[in-house]
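Right, one structure below, let's go through it.
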Amino acid sequence: MSVSLSFTVNGKVVAADVDPRTLLVEFIRNHLVLTGTHVGCDTGQCGACTVLIDGNAVKACTILAAQANGSKITTIEGVAAANGELHPMQAAFKDCHGLQCGFCTPGMVMSAIDLVQRHPNADEATIRAQLEGNLCRCTGYQNIVKAVAQGAAAMRK
Amino acid sequence: MGANDLSSIGKPVRRREDYRFLTGSGQYTDDVNPAHHTHAYFLRSPHAHAKIRNIDTAKAKAAPGVVAIYVGEDLTGVNGLPCGWLITGTDGQPMKEPPHWVLAKGKVCYVGDGVAMVVAETPEQAKDAAELINVDYEVLPAVVNPADALKSGAPQIHEGAPGNKCYLWALGDKAATDAAFAKAAHVTKLDIVNNRLIPNALEPRAAVATFSRADDGYTLYVTSQNPHVERLLMTAFVLGLPETKVRVIAPDVGGGFGSKIYLYPEETAMVWASKHVNRPIKWTAERSESFLSDAHGRDHVTHAELALDKDGKFLGMRVHTTAAMGAYLSTFASCVPTILYATLLAGQYTTPAIYCEVTAVFTNTAPVDAYRGAGRPEATYVVERLVHAAAVEMGIAQDEIRRRNFIRNFPYQTPVALLYDTGGYDACLDEAMKIADVKGFPARKAEAAKRGKLRGIGYSSYIEACGIAPSNIAGALGARAGLYEAGEVRVNPTGGVTVFTGSHSHGQGHETTFAQVVSSRLGIPIENVEIVHGDTGRVPFGMGTYGSRSLSVGGTAIVKAIDKIIAKGKKIAAHLLEAAEADIEFKDGKFTVAGTDRSKAFAEIALTAYVPHNYPLDKLEPGLDETAFYDPTNFTFPAGTHICEVEVDPDTGVVQIVNFSACDDFGNIINPMIVEGQVHGGLAQGIGQALLERCVYDPDSGQLLTGSYMDYAMPRADDLPSFKVATKVTPCTHNPLGAKGCGEAGAIGSPPALMNAVHDALAVVGVKYLDMPATPHRVWQAIQTATR
C-alpha cells in the first residue's frame, strides 16, 4: 500500500508514492536525496532534522510525509540564493563561527530563521530559550547565540 | 615564529569548510548511497549478562527482503577486536584481555552487546527480520558499578579475568609518599566519584562497506577520527586482510570527542559480510543504539589524600582509583585511567611525592574509553577538589594556596613521569581572577544572600598533557602503535599546494587552520592551498585526531614537509639564478639571492620542478612533493585557570552559573576564533558533566536507564551562560609552531571549577561533599541532610 503525495520542496513541485508510514525526514533524505537534513536522534529531541513547513520550523522526524501533503517545504538546500549566495542567517553562522562539525547546523539554521520570524528583536535569553529544541555538542552554543542575533539584525535590513 | 610566517597567523580567518555545512552539501557517512546497497541491523542483547544457549534464525532468514543473517559463529577466521595499549600490572603481569568478539560467541556481557547482524533490502525489513530471531538466553547476575565489581561474590564476567580485575597498576614512589604523609601538618581526604558519561557526538556512528570482485578490494566509509588506525586494526588484527585491499574513508564526520577513535564491531562485521553478500552494506545507528553501544567515558571511583605542611605547601598525594573498563577492552581503554591519568596528578604544583594505584575492572556495561580529555579531566578533578578542600580546611584563600604551590621553574620534572617544558601559571590565574571580577565577589555574594540565594566561587588550575605522543615513550608505557603524524605537501605545477594530512577534522576546522599555516610558511594565498584528510587511499599513514594533537603533531608534520619543499626550492632557485644554494633566501613566497634583488617566485620554482627544461637533472629529481613524519620529542602542556561563580537556590536546589571565566595557555595560536570555539565546546561538555550528565545503569538488571535524550541530560542553549575566555601564551618549546593544543582544555578545567563553586556556595549551610552532577535533586537533598 502506498499513498500519493505532492509537495513544493525548495520551490519545486515533487510528487511521489510512498509507504504511508514514511516519516517526512525519511522522505526528504531517502526519496528526494536531500541529505542536508540530518537525523541525530530517534526521540524528537535533537532538532537536526528541522525544516520549514509553510514557513514554520518543524522537526521532520516527528511528522509523517503524508501529514505534510500539499505543503510548501524548505530544507537547508533551499535557503541560500539561487546563485549560491548565503542567506543572512547562514552568513552570520559562518561569520560568528556558529558551527563546528556541521551536523546540527542545518537544523539550527532552520530553527534560527523561524525564531527570527517570531522574535525579530530577540535578546540573548530569548534566543537561548528558543533554541532549546536543537542540540549541539560542539559549540557550547555561545557562537550560535551570537550568530542568531547577528543574523536577525541582517534579516531586519 | 620564523620570518616566513606572515599574513593570517593569529587571525580569525573564517572557516573554509563552513559553506558546505551551511548549505546542506556536506557529505557524512549516512549520505553515502552506493547503487544496490543493502542495510544492516544489529540485534543486540537485552540482558546485561547472559549465556547464549541457542540462536534460531530460520524464521528470520525467510522474512521478506532478507539477504543474509550472521551470528558470531558464522564469522569464521575473524579475530576479536584488539586493545591498542598493553598495561603491565604491579605484579609484572600483562593486563587481562578477554576476547571481544565482533558478534557475541556463547555469552553476552552488556545490554547492547551485538548478537546477530541482519542484512536486508531496506532498514525496516532488516529490523523486522531481527524481531523474528529467537535467542535462548540463560540470564546471569550482572554488576554495573566498578566498586561493586571488585566485591567478593560479585558476578564473574570473564573466565580469564578473576575477580573482574583487568589490572592493578601503580605510578610513583610509595615510600617517599608515605614519608611525606608521616611529616604532614594537615591531611585532606576525599572520596570521589567521577560520573560516567556518554559522548553523544550529534552524528550517530555509521558505516557503508563495499566489496568489489573486480579488484578483490573493500571500501569502507565510516564515522572515524582516524581512518588509517581503523584500517590497520581491522585488517592486520581482526580480518587478516592486506591493508592494500581496504580503503577506509572518514568523510565529513559529525563530532567525535573520542567516541569515534575506536574500531567497533559493527563496521568490522560489515566489511567481512560485504564480500559474502557481494553488495554494499549500510548501517547507521539509531540514537538509542548509540547510547547503548558507543564507548562511554570516565566512570572512576577514587579515594585521594593530600598532605600539606603548616603553611599549605603540598608534601605528598596518595590516590587510589577504581576505573571501569566496561564489558570489554575498547581500543584505548586501558591507557586512559593510567598513562593519561596518574601522570597528571602533579597538576600545576610542586608536590614532591605522589603515588597512585589504579584498579581497572570489568563491568556489565558498554565499553569505557577516551572521552574528551580522557584521564586528564579525572586527574584534574581529583587534584583541584583536593586543593579546594585543603584550602577550606586550613583557612587559606583559594588563589593563595595555588600560588604557594605553583611550579615556576621550567623545565620541571614531576614525580609522575612528565617533564613540563614551559608554562606560566600565575599569569593565567591572575587574568582569570581579573575577568571573573573576583574582587567584586563578596559584594555579589552579600547581595545574593539578601535575596535568599547562596553564591559560591570555585577555582580550577588545570594542566593537561597533549600532543600525543613521543612514540618511544608511549611504547615503553605499553602502546602497541607509534604516535607520530604524517603530512604530505604536494606542490602543483602552477604553484597551488595540496596538503595531505593524517590528522582528521570532525569539527576542528583543519581545512582552515592548516591552510593558514601552509599559506603563511610558503607566502602564498590561502586560496591556493587545499587540505585533504580522512581517506587512506589519499593521505599518508597517520594516526588521526584525538588528544588535542592535530596542530602540534599533525601541523608540525606539515611544517616539516614544507621545510623540505623550501630546501628543494632553494636548490632549484640556485640553479636558475646561477647562485650558490647557501646564498638563497626564502621569504614572502620568493627565493632571493641574498643581498640582491634577483629572485624567483614560488610558482616559478614549482613550474620549473615539473617542466625541468632548465634544471639540474644530474643532481636533483624533478617534481616538488614532500612527505614528512613527525614524532614529537615530548608531550605538550596546555594549562590555565578556570573560575566559576554560581548561585544556588536553597529552596529548589537549582544551581545557576552566573559567571564562567577561563584563561588558558595553548602556546601559539594560529586561529583565535577556532581556538575560542574549541574552548566553548569543551566548557559546555565539562559543565555538562558537573551539572547535568550522568550515565546510569540499573544496578540490578544492568539496563541502561539513561538511554535517550529525554533521560540523559545533554546541555542545551538555555542551560549555559556566555563564557568569558582569555589566553596567555608561553610557546611550546619543542615543536616549530610553538603550539600546545586546545581541544580538551575546556572539558578538563571546568568540572572542578563548577563543583568547587557549588561547595563554596553550600558551605554556609554545612554541606561538606557532593558528587557530580550537581542536579537540583542532589543539591536540595544535600542541603536538607546538612541542615536537618
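Just remember, in the C-alpha cells the first chain shown is A, the second B, etc., residues are 1-based per chain, and ligands are 1-based in the order shown.
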Please tabulate, as CSV, the residues of chain A that come within 8 Å of chain B, each with its closest pair of atoms and the distance in Å to one decimal, counting only C-alpha atoms and ordering rows by chain, then residue number upward.
residue,atom,partner,partner_atom,distance
A:Leu34,CA,B:Gly24,CA,8.0
A:Thr35,CA,B:Asp31,CA,5.9
A:Gly36,CA,B:Gly24,CA,3.6
A:Thr37,CA,B:Gly24,CA,6.9
A:Val39,CA,B:Glu203,CA,7.6
A:Gly40,CA,B:Leu202,CA,5.5
A:Cys41,CA,B:Arg287,CA,4.6
A:Asp42,CA,B:Arg287,CA,5.8
A:Thr43,CA,B:Tyr709,CA,7.2
A:Gln45,CA,B:Tyr709,CA,6.3
A:Cys46,CA,B:Tyr709,CA,7.8
A:Ile76,CA,B:Gly24,CA,5.6
A:Glu77,CA,B:Thr23,CA,5.4
A:Val79,CA,B:Thr23,CA,7.3
A:Ala80,CA,B:Thr23,CA,6.9
A:Leu86,CA,B:Thr23,CA,7.9
A:Gln90,CA,B:Leu22,CA,6.0
A:Phe93,CA,B:Leu22,CA,7.9
A:Lys94,CA,B:Asp18,CA,6.2
A:Asp95,CA,B:Arg14,CA,6.4
A:His97,CA,B:Met673,CA,7.1
A:Leu99,CA,B:Asp18,CA,7.6
A:Gln100,CA,B:Gly507,CA,4.2
A:Cys101,CA,B:Gly507,CA,3.5
A:Gly102,CA,B:Phe21,CA,5.1
A:Phe103,CA,B:Gly254,CA,5.1
A:Cys104,CA,B:Leu202,CA,6.7
A:Thr105,CA,B:Leu22,CA,6.5
A:Pro106,CA,B:Leu22,CA,6.3
A:Val109,CA,B:Leu22,CA,7.8
A:Ala125,CA,B:Asp718,CA,7.4
A:Arg128,CA,B:Asp718,CA,4.7
A:Ala129,CA,B:Asp718,CA,5.3
A:Leu131,CA,B:Ala717,CA,6.2
A:Glu132,CA,B:Arg716,CA,5.8
A:Gly133,CA,B:Arg716,CA,7.9
A:Asn134,CA,B:Arg716,CA,7.5
A:Leu135,CA,B:Arg716,CA,6.1
A:Cys136,CA,B:Leu202,CA,6.9
A:Arg137,CA,B:Ala201,CA,6.1
A:Cys138,CA,B:Gly681,CA,4.9
A:Thr139,CA,B:Gly681,CA,4.4
A:Gly140,CA,B:Gly681,CA,4.4
A:Tyr141,CA,B:Ala717,CA,5.6
A:Gln142,CA,B:Ser722,CA,5.8
A:Asn143,CA,B:Gly677,CA,7.5
Close residues, segment 35-51 of chain B itself excluded, 9 Å, only C-alpha atoms, min 6 positions apart in chain, as a ChimeraX atom specification: /B:67,106-127,130-131,133,136-144,157,208,210,266,270,279-285,289,364-365,701-703
Those same residues - C-alpha atoms - I'd like them written as a PDB file, in the first residue's frame.
ATOM      1  CA  VAL B  67      19.730 -11.075   2.211  1.00  0.00           C
ATOM      2  CA  GLY B 106      28.404 -18.099  23.717  1.00  0.00           C
ATOM      3  CA  LYS B 107      27.655 -15.196  26.040  1.00  0.00           C
ATOM      4  CA  VAL B 108      26.727 -11.537  26.161  1.00  0.00           C
ATOM      5  CA  CYS B 109      28.249  -9.112  28.650  1.00  0.00           C
ATOM      6  CA  TYR B 110      26.238  -5.905  28.408  1.00  0.00           C
ATOM      7  CA  VAL B 111      22.901  -4.580  27.252  1.00  0.00           C
ATOM      8  CA  GLY B 112      23.607  -3.727  23.636  1.00  0.00           C
ATOM      9  CA  ASP B 113      26.236  -6.410  23.002  1.00  0.00           C
ATOM     10  CA  GLY B 114      25.869  -7.436  19.358  1.00  0.00           C
ATOM     11  CA  VAL B 115      24.313 -10.866  18.853  1.00  0.00           C
ATOM     12  CA  ALA B 116      23.379 -11.024  15.175  1.00  0.00           C
ATOM     13  CA  MET B 117      23.645  -8.950  12.023  1.00  0.00           C
ATOM     14  CA  VAL B 118      20.736  -8.920   9.637  1.00  0.00           C
ATOM     15  CA  VAL B 119      21.346  -7.731   6.075  1.00  0.00           C
ATOM     16  CA  ALA B 120      18.226  -6.849   4.123  1.00  0.00           C
ATOM     17  CA  GLU B 121      16.967  -4.754   1.251  1.00  0.00           C
ATOM     18  CA  THR B 122      15.605  -1.994   3.477  1.00  0.00           C
ATOM     19  CA  PRO B 123      16.325  -0.909   7.061  1.00  0.00           C
ATOM     20  CA  GLU B 124      12.734  -1.714   8.005  1.00  0.00           C
ATOM     21  CA  GLN B 125      12.977  -5.240   6.620  1.00  0.00           C
ATOM     22  CA  ALA B 126      16.244  -5.800   8.466  1.00  0.00           C
ATOM     23  CA  LYS B 127      14.677  -4.615  11.691  1.00  0.00           C
ATOM     24  CA  ALA B 130      15.654  -9.228  13.605  1.00  0.00           C
ATOM     25  CA  GLU B 131      12.474  -9.464  15.665  1.00  0.00           C
ATOM     26  CA  ILE B 133      15.371 -14.194  15.594  1.00  0.00           C
ATOM     27  CA  ASP B 136      17.654 -18.533  24.019  1.00  0.00           C
ATOM     28  CA  TYR B 137      19.395 -16.738  26.877  1.00  0.00           C
ATOM     29  CA  GLU B 138      20.308 -18.037  30.299  1.00  0.00           C
ATOM     30  CA  VAL B 139      20.314 -14.805  32.248  1.00  0.00           C
ATOM     31  CA  LEU B 140      23.171 -14.352  34.729  1.00  0.00           C
ATOM     32  CA  PRO B 141      23.532 -11.865  37.561  1.00  0.00           C
ATOM     33  CA  ALA B 142      25.155  -8.611  36.427  1.00  0.00           C
ATOM     34  CA  VAL B 143      27.342  -5.962  38.017  1.00  0.00           C
ATOM     35  CA  VAL B 144      27.488  -2.418  36.647  1.00  0.00           C
ATOM     36  CA  ILE B 157      32.132 -11.550  33.764  1.00  0.00           C
ATOM     37  CA  VAL B 208      28.975   1.786   4.422  1.00  0.00           C
ATOM     38  CA  THR B 210      31.527  -2.243  -0.248  1.00  0.00           C
ATOM     39  CA  GLU B 266      29.675  -3.104  13.516  1.00  0.00           C
ATOM     40  CA  MET B 270      30.040  -5.262   7.686  1.00  0.00           C
ATOM     41  CA  ARG B 279      26.692  -5.970  -2.289  1.00  0.00           C
ATOM     42  CA  PRO B 280      27.329  -2.763  -0.386  1.00  0.00           C
ATOM     43  CA  ILE B 281      26.026  -2.791   3.187  1.00  0.00           C
ATOM     44  CA  LYS B 282      24.946   0.348   5.008  1.00  0.00           C
ATOM     45  CA  TRP B 283      24.270   0.870   8.679  1.00  0.00           C
ATOM     46  CA  THR B 284      23.519   3.986  10.662  1.00  0.00           C
ATOM     47  CA  ALA B 285      22.987   3.755  14.380  1.00  0.00           C
ATOM     48  CA  GLU B 289      21.779   2.288  19.726  1.00  0.00           C
ATOM     49  CA  ASN B 364      28.445  -5.407  32.574  1.00  0.00           C
ATOM     50  CA  THR B 365      28.225  -2.129  30.708  1.00  0.00           C
ATOM     51  CA  SER B 701      19.161  -5.562  35.891  1.00  0.00           C
ATOM     52  CA  GLY B 702      22.047  -3.759  34.215  1.00  0.00           C
ATOM     53  CA  GLN B 703      19.600  -1.941  31.939  1.00  0.00           C
TER      54      GLN B 703
END
Within 8 Å of Met89 of chain A using only C-alpha atoms, minus same-chain residues under 3 positions, as a VMD selection string: chain A and resid 86 92 to 93 109 112 to 113 147 to 148 150 to 152 154 to 155
Could you write out the selected residues, including N, CA and C atoms, as a compact mmCIF listing (two decimals), in the first residue's frame?
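After the write, again-v6.txt holds the following:
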# COMPACT_ATOMS: atom_id res chain seq x y z
N LEU A 86 24.91 33.05 0.36
CA LEU A 86 24.32 32.58 1.61
C LEU A 86 23.20 33.51 2.07
N ALA A 92 25.72 34.66 8.89
CA ALA A 92 26.02 35.01 10.29
C ALA A 92 26.62 33.81 11.02
N PHE A 93 26.13 32.62 10.73
CA PHE A 93 26.71 31.42 11.35
C PHE A 93 28.18 31.29 10.96
N VAL A 109 20.07 26.30 11.70
CA VAL A 109 19.80 27.44 10.82
C VAL A 109 18.30 27.55 10.55
N ALA A 112 16.67 28.88 13.56
CA ALA A 112 17.02 30.29 13.76
C ALA A 112 16.19 31.19 12.86
N ILE A 113 15.99 30.75 11.62
CA ILE A 113 15.18 31.55 10.69
C ILE A 113 13.74 31.67 11.22
N ALA A 147 25.43 34.24 16.51
CA ALA A 147 25.08 34.19 15.09
C ALA A 147 23.61 34.49 14.87
N VAL A 148 22.76 33.96 15.74
CA VAL A 148 21.32 34.20 15.57
C VAL A 148 21.02 35.69 15.74
N GLN A 150 23.11 38.17 15.23
CA GLN A 150 23.67 38.88 14.07
C GLN A 150 22.84 38.61 12.82
N GLY A 151 22.40 37.37 12.66
CA GLY A 151 21.57 37.02 11.51
C GLY A 151 20.23 37.74 11.55
N ALA A 152 19.69 37.86 12.77
CA ALA A 152 18.41 38.56 12.93
C ALA A 152 18.55 40.01 12.50
N ALA A 154 20.69 41.23 10.43
CA ALA A 154 20.85 41.28 8.97
C ALA A 154 19.52 41.05 8.25
N MET A 155 18.69 40.17 8.82
CA MET A 155 17.40 39.89 8.19
C MET A 155 16.44 41.08 8.32
When DSSP is applied to the backbone of this structure, which of segment 1-117 of chain A are assigned alpha helix (DSSP H)? Write them out as a list of chain:residue names. A:Leu24, A:Val25, A:Glu26, A:Pro88, A:Met89, A:Gln90, A:Ala91, A:Ala92, A:Phe93, A:Lys94, A:Asp95, A:Thr105, A:Pro106, A:Gly107, A:Met108, A:Val109, A:Met110, A:Ser111, A:Ala112, A:Ile113, A:Asp114, A:Leu115, A:Val116, A:Gln117
Next, write the just-selected residues to a file, as a compact mmCIF listing (two decimals), in the first residue's frame, keeping C-alpha atoms as the atom set.
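Dumped everything to out25.txt:
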# COMPACT_ATOMS: atom_id res chain seq x y z
CA LEU A 24 8.89 13.31 6.43
CA VAL A 25 12.63 13.20 7.21
CA GLU A 26 12.91 9.79 5.53
CA PRO A 88 21.89 36.29 6.04
CA MET A 89 21.42 33.69 8.76
CA GLN A 90 23.81 31.26 7.08
CA ALA A 91 26.31 34.08 6.62
CA ALA A 92 26.02 35.01 10.29
CA PHE A 93 26.71 31.42 11.35
CA LYS A 94 29.88 31.46 9.28
CA ASP A 95 30.95 34.90 10.46
CA THR A 105 23.90 23.13 11.67
CA PRO A 106 21.13 22.69 9.08
CA GLY A 107 18.52 22.22 11.80
CA MET A 108 19.99 25.07 13.80
CA VAL A 109 19.80 27.44 10.82
CA MET A 110 16.21 26.46 10.05
CA SER A 111 15.21 26.97 13.69
CA ALA A 112 17.02 30.29 13.76
CA ILE A 113 15.18 31.55 10.69
CA ASP A 114 11.88 30.56 12.27
CA LEU A 115 12.92 32.13 15.57
CA VAL A 116 13.66 35.47 13.93
CA GLN A 117 10.29 35.44 12.18
What does the structure give for the distance between atom CA of Val51 of chain A and atom CA of Glu124 of chain A, in Å to one decimal?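 Separation between atom CA of Val51 of chain A and atom CA of Glu124 of chain A: 23.0 Å.
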Residue neighbourhood Phe237 of chain B, 12 Å, only C-alpha atoms, exclusion window fewer than 2 positions, as an NGL selection string: :B and (77-84 or 229-235 or 239-243 or 263 or 268 or 331 or 480)
Keeping only C-alpha atoms, write those residues as a PDB file, in the first residue's frame.
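Writing the result to selection_36.pdb gives the following:
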ATOM      1  CA  GLY B  77      38.535 -16.553  10.652  1.00  0.00           C
ATOM      2  CA  VAL B  78      37.536 -13.280  12.273  1.00  0.00           C
ATOM      3  CA  ASN B  79      39.542 -12.499  15.408  1.00  0.00           C
ATOM      4  CA  GLY B  80      38.416 -10.450  18.388  1.00  0.00           C
ATOM      5  CA  LEU B  81      38.885  -6.678  18.456  1.00  0.00           C
ATOM      6  CA  PRO B  82      42.316  -5.705  19.808  1.00  0.00           C
ATOM      7  CA  CYS B  83      43.215  -3.268  22.560  1.00  0.00           C
ATOM      8  CA  GLY B  84      45.901  -0.828  21.472  1.00  0.00           C
ATOM      9  CA  VAL B 229      44.306   3.340  12.514  1.00  0.00           C
ATOM     10  CA  GLU B 230      40.871   1.894  11.824  1.00  0.00           C
ATOM     11  CA  ARG B 231      42.205   0.155   8.736  1.00  0.00           C
ATOM     12  CA  LEU B 232      45.356  -1.150  10.409  1.00  0.00           C
ATOM     13  CA  LEU B 233      43.482  -2.599  13.363  1.00  0.00           C
ATOM     14  CA  MET B 234      40.741  -4.078  11.208  1.00  0.00           C
ATOM     15  CA  THR B 235      42.931  -5.649   8.555  1.00  0.00           C
ATOM     16  CA  LEU B 239      40.102  -9.753   9.464  1.00  0.00           C
ATOM     17  CA  GLY B 240      43.536 -10.806   8.232  1.00  0.00           C
ATOM     18  CA  LEU B 241      43.187  -8.793   5.024  1.00  0.00           C
ATOM     19  CA  PRO B 242      46.036  -6.984   3.271  1.00  0.00           C
ATOM     20  CA  GLU B 243      45.874  -3.250   4.005  1.00  0.00           C
ATOM     21  CA  LEU B 263      37.486   0.084  15.977  1.00  0.00           C
ATOM     22  CA  THR B 268      34.175  -4.837  11.107  1.00  0.00           C
ATOM     23  CA  THR B 331      40.825   0.331  21.610  1.00  0.00           C
ATOM     24  CA  ARG B 480      51.143  -1.033  20.607  1.00  0.00           C
TER      25      ARG B 480
END
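Using only C-alpha atoms, the shortest contact distance between Ser71 of chain A and any of A:Thr126, A:Gly55, A:Gly44, A:Ser2 is found at A:Gly55.
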With only C-alpha atoms as the counted atoms, please give the residues lying no more than 12 Å from Val13 of chain A, apart from itself and same-chain residues fewer than 6 positions off, as a ChimeraX atom specification. /A:5-7,32,69-74
Residues just named, written with N, CA and C atoms as a compact mmCIF listing (two decimals), in the first residue's frame:
# COMPACT_ATOMS: atom_id res chain seq x y z
N LEU A 5 1.55 11.51 -2.81
CA LEU A 5 1.75 12.80 -2.16
C LEU A 5 2.37 13.79 -3.13
N SER A 6 2.08 15.05 -2.90
CA SER A 6 2.81 16.07 -3.66
C SER A 6 3.11 17.26 -2.76
N PHE A 7 4.26 17.81 -2.97
CA PHE A 7 4.72 18.95 -2.16
C PHE A 7 5.40 19.94 -3.10
N LEU A 32 13.96 12.07 -1.80
CA LEU A 32 14.41 13.25 -2.53
C LEU A 32 15.93 13.37 -2.55
N ASN A 69 1.42 16.57 3.28
CA ASN A 69 0.97 16.57 1.88
C ASN A 69 0.42 17.94 1.49
N GLY A 70 0.83 18.41 0.33
CA GLY A 70 0.33 19.68 -0.19
C GLY A 70 1.02 20.90 0.34
N SER A 71 1.98 20.71 1.25
CA SER A 71 2.59 21.89 1.87
C SER A 71 3.82 22.35 1.09
N LYS A 72 4.28 23.52 1.53
CA LYS A 72 5.48 24.10 0.94
C LYS A 72 6.61 23.86 1.94
N ILE A 73 7.59 23.10 1.52
CA ILE A 73 8.66 22.70 2.43
C ILE A 73 9.97 23.36 2.00
N THR A 74 10.66 23.90 2.98
CA THR A 74 12.01 24.42 2.70
C THR A 74 13.00 23.62 3.54
Per DSSP on the backbone, filter segment 59-106 of chain A down to the residues in strand (DSSP E) and report them as number ranges by chain. A: 59, 72-74
The distance between atom CA of Val646 of chain B and atom CA of Cys742 of chain B is 25.0 Å
Hey, what's within 8 Å of Leu344 of chain B if we count only C-alpha atoms and toss same-chain stuff fewer than 2 positions away? As a list in words, please? Leu340, Tyr341, Ala342, Ala346, Gly347, Arg376, Ala379, Thr380, Val416, Leu418, Ile463, Glu464 and Ala465 of chain B
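With atom CA of Ala176 of chain B on one side and atom CA of Pro94 of chain B on the other, the separation reads 26.1 Å.
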For Thr608 of chain B, please output as a VMD selection string all residues within 10 Å (counting only C-alpha atoms; exclusion window: fewer than 6 positions along the same chain). chain B and resid 493 to 494 569 572 to 573 576 602 614 to 615 622 to 624
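Distances from B:Ala448, B:Val382, B:Ile605, B:Ala690 to Thr302 of chain B were compared using only C-alpha atoms, and the smallest one belongs to B:Val382.
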Counting only C-alpha atoms, closest pick from B:Pro650, B:Gly423, B:Gly749, B:Gly544 relative to Val765 of chain B is B:Pro650
